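Q: I have a structure I would like to understand better, so I am pasting it below and will then ask my questions one at a time.
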Amino acid sequence: MVKLEINGKSREFDVAGDMPLLWVLRDEAHMMGTKFGCGMALCGACTVHVDGEATRSCVLPVSAVAGKKITTIEGVSATPAGKAAQQAWIAAEVVQCGYCQSGQIMSAAALLARNKQPTDADIDDAMAGNICRCGTYTRIRAAIKDAAKSPLLKGA
Ligand code: FES
Ligand code: FES
């Protein structure tokens, strides 16, 4: 049994400790917003926050996150940075097919939570591990810059 805190709620799962967190989220918790892409920590589709840090859930044994705070795309709007990112994503119409975008927003939200005025280089660094096969990178960068101006981030 593994006890996790997901989006502020405590939950228990009867799974092996070496099961990747992504599988627990999708197959056990039935939270489908976090996506499976490469399964090898290379594409960023599976990005969630673990204690606020953008983390690849596809290679992370669930036993490693017991007792830690996990935030997924389903819960990120409860944070100022997550809400600002989601609003900016919608305003900029970032999404194309959408497959990579929950991971993109999670990486962007983690960046904005720790750096409210990211430079282009900061954005490139934070987003480098999130691949978009539709090539939405220009709109992603614009959305992050817009999110940084959000009143939601003032005093957050
Ligand atoms: S599915 Fe985890 S990084 Fe690609
Ligand atoms: S929007 Fe299609 S993979 Fe990024």
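The chains in the structure tokens are called A, B, ... from first to last as shown; in each chain the residues are counted from 1, and the ligands are counted from 1 in the order shown.
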Using only C-alpha atoms and all ligand atoms, find each residue with an atom at most 10 Å away from ligand 2 and format the answer as number ranges by chain.

A: A: 37, 43, 45, 94-104, 130-137, 140

Q: Skip range 113-127 of chain A itself and residues of its chain fewer than 4 positions away, then list as number ranges by chain all residues within 9 Å of it, counting only C-alpha atoms.

A: A: 44, 52, 79-82, 104, 107-109, 131, 141, 144-145, 147-149, 153-154, 156

Q: Show me which residues sit within 10 Å of ligand 1 when counting only C-alpha atoms and all ligand atoms, and put them as a ChimeraX atom specification.

A: /A:20,22,34-48,55-60,100,103,129-131

Q: Restricted to N, CA, C and O atoms, what would the selected residues look like written as a compact mmCIF listing (two decimals), in the first residue's frame?

A:
```txt
# COMPACT_ATOMS: atom_id res chain seq x y z
N PRO A 20 5.70 2.92 -11.84
CA PRO A 20 5.90 4.35 -12.09
C PRO A 20 4.69 5.18 -11.63
O PRO A 20 3.54 4.74 -11.77
N LEU A 22 3.34 7.61 -13.00
CA LEU A 22 2.40 7.87 -14.11
C LEU A 22 1.34 6.77 -14.20
O LEU A 22 0.17 7.04 -14.45
N THR A 34 -2.55 13.55 -17.32
CA THR A 34 -1.11 13.38 -17.46
C THR A 34 -0.87 12.29 -18.50
O THR A 34 -1.42 11.20 -18.40
N LYS A 35 -0.05 12.61 -19.49
CA LYS A 35 0.05 11.74 -20.67
C LYS A 35 1.29 10.85 -20.67
O LYS A 35 2.33 11.21 -20.11
N PHE A 36 1.17 9.70 -21.34
CA PHE A 36 2.30 8.82 -21.60
C PHE A 36 2.82 9.13 -22.99
O PHE A 36 2.06 9.03 -23.97
N GLY A 37 4.09 9.50 -23.06
CA GLY A 37 4.69 9.76 -24.38
C GLY A 37 5.76 8.74 -24.67
O GLY A 37 5.53 7.70 -25.28
N CYS A 38 6.97 9.00 -24.17
CA CYS A 38 8.12 8.12 -24.47
C CYS A 38 8.32 7.04 -23.42
O CYS A 38 8.89 5.99 -23.71
N GLY A 39 7.93 7.31 -22.17
CA GLY A 39 8.18 6.36 -21.09
C GLY A 39 9.63 6.31 -20.66
O GLY A 39 10.04 5.44 -19.90
N MET A 40 10.44 7.27 -21.14
CA MET A 40 11.89 7.23 -20.87
C MET A 40 12.44 8.58 -20.40
O MET A 40 13.63 8.84 -20.54
N ALA A 41 11.58 9.43 -19.86
CA ALA A 41 12.01 10.74 -19.35
C ALA A 41 12.61 11.63 -20.44
O ALA A 41 13.49 12.43 -20.17
N LEU A 42 12.12 11.47 -21.67
CA LEU A 42 12.71 12.23 -22.79
C LEU A 42 11.77 13.26 -23.39
O LEU A 42 12.22 14.15 -24.11
N CYS A 43 10.46 13.17 -23.16
CA CYS A 43 9.53 14.04 -23.91
C CYS A 43 8.76 15.02 -23.05
O CYS A 43 8.24 16.01 -23.55
N GLY A 44 8.61 14.75 -21.77
CA GLY A 44 7.93 15.67 -20.87
C GLY A 44 6.42 15.56 -20.82
O GLY A 44 5.77 16.28 -20.06
N ALA A 45 5.82 14.66 -21.61
CA ALA A 45 4.36 14.55 -21.63
C ALA A 45 3.79 14.18 -20.26
O ALA A 45 2.64 14.51 -19.95
N CYS A 46 4.59 13.50 -19.46
CA CYS A 46 4.11 12.95 -18.18
C CYS A 46 4.44 13.86 -17.00
O CYS A 46 4.37 13.42 -15.85
N THR A 47 4.77 15.12 -17.26
CA THR A 47 5.27 16.00 -16.19
C THR A 47 4.19 16.31 -15.15
O THR A 47 3.06 16.71 -15.49
N VAL A 48 4.55 16.13 -13.90
CA VAL A 48 3.71 16.54 -12.76
C VAL A 48 4.62 17.34 -11.83
O VAL A 48 5.82 17.47 -12.09
N THR A 55 8.49 17.26 -12.60
CA THR A 55 9.10 15.93 -12.48
C THR A 55 8.48 14.99 -13.50
O THR A 55 7.26 15.03 -13.72
N ARG A 56 9.30 14.16 -14.13
CA ARG A 56 8.81 13.18 -15.10
C ARG A 56 8.24 11.98 -14.34
O ARG A 56 9.00 11.24 -13.69
N SER A 57 6.96 11.76 -14.46
CA SER A 57 6.33 10.70 -13.66
C SER A 57 6.48 9.32 -14.29
O SER A 57 6.22 8.32 -13.64
N CYS A 58 6.92 9.24 -15.55
CA CYS A 58 6.97 7.93 -16.22
C CYS A 58 8.10 7.05 -15.74
O CYS A 58 8.08 5.84 -15.97
N VAL A 59 9.11 7.65 -15.12
CA VAL A 59 10.26 6.87 -14.67
C VAL A 59 10.43 6.94 -13.15
O VAL A 59 11.46 6.53 -12.62
N LEU A 60 9.42 7.45 -12.48
CA LEU A 60 9.54 7.69 -11.05
C LEU A 60 8.78 6.62 -10.26
O LEU A 60 7.55 6.57 -10.32
N CYS A 100 0.81 17.05 -25.81
CA CYS A 100 1.95 17.42 -24.95
C CYS A 100 1.60 18.48 -23.93
O CYS A 100 2.42 18.80 -23.07
N GLY A 103 1.75 18.46 -19.93
CA GLY A 103 3.15 18.49 -19.48
C GLY A 103 3.78 19.86 -19.66
O GLY A 103 4.55 20.33 -18.82
N GLY A 129 12.96 20.24 -21.92
CA GLY A 129 12.65 18.82 -21.89
C GLY A 129 11.24 18.47 -22.32
O GLY A 129 10.84 17.31 -22.26
N ASN A 130 10.46 19.47 -22.74
CA ASN A 130 9.07 19.21 -23.16
C ASN A 130 8.98 19.32 -24.68
O ASN A 130 9.11 20.39 -25.25
N ILE A 131 8.76 18.18 -25.30
CA ILE A 131 8.73 18.11 -26.76
C ILE A 131 7.29 18.28 -27.26
O ILE A 131 6.35 17.73 -26.68
```

Q: Determine, counting only C-alpha atoms, which protein, DNA and RNA residues have an atom within 9 Å of an atom of Met1 in chain A; residues of the same chain fewer than 3 positions away are not included. Present the result as a ChimeraX atom specification.

A: /A:12-17

Q: Do you know which residues are at most 10 Å from Lys69 in chain A counting only C-alpha atoms, after dropping those on the same chain fewer than 3 positions away, and could you put them as a list in words?

A: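 Final neighbour list, sorted by chain and number: Leu4, Glu5, Ile6, Asn7, Gly8, Lys9, Ser10, His49, Val50, Asp51, Gly52, Glu53, Val65 and Ala66 of chain A.
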
Q: Expressed in Å to a single decimal, how great is the separation between CA of Ile90 in chain A and CA of Arg139 in chain A?

A: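 The value is 10.7 Å.
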
Q: Run DSSP on the backbone and tell me which residues of range 1-132 of chain A come out as alpha helix (DSSP H); list them as an MDAnalysis selection string.

A: chainID A and resid 21:23 80:91 101:114 120:127

Q: Which is closer to Ala142 in chain A than all the others in A:Ala128, A:Leu21, A:Ile105, A:Ala92, using only C-alpha atoms?

A: A:Ala92

Q: Quick one: distance from CA of Ser77 in chain A to CA of Ala91 in chain A in Å, one decimal?

A: 15.2 Å

Q: Which is closest to Val2 in chain A among A:Met31, A:Ala78, A:Leu112, A:Ala64, if we use only C-alpha atoms?

A: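 Checking each of A:Met31, A:Ala78, A:Leu112, A:Ala64 against Val2 in chain A, counting only C-alpha atoms, the winner is A:Ala64.
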
Q: CA of Glu93 in chain A to CA of Ala143 in chain A: how many Å, to one decimal?

A: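 Going from CA of Glu93 in chain A over to CA of Ala143 in chain A, I get 8.7 Å.
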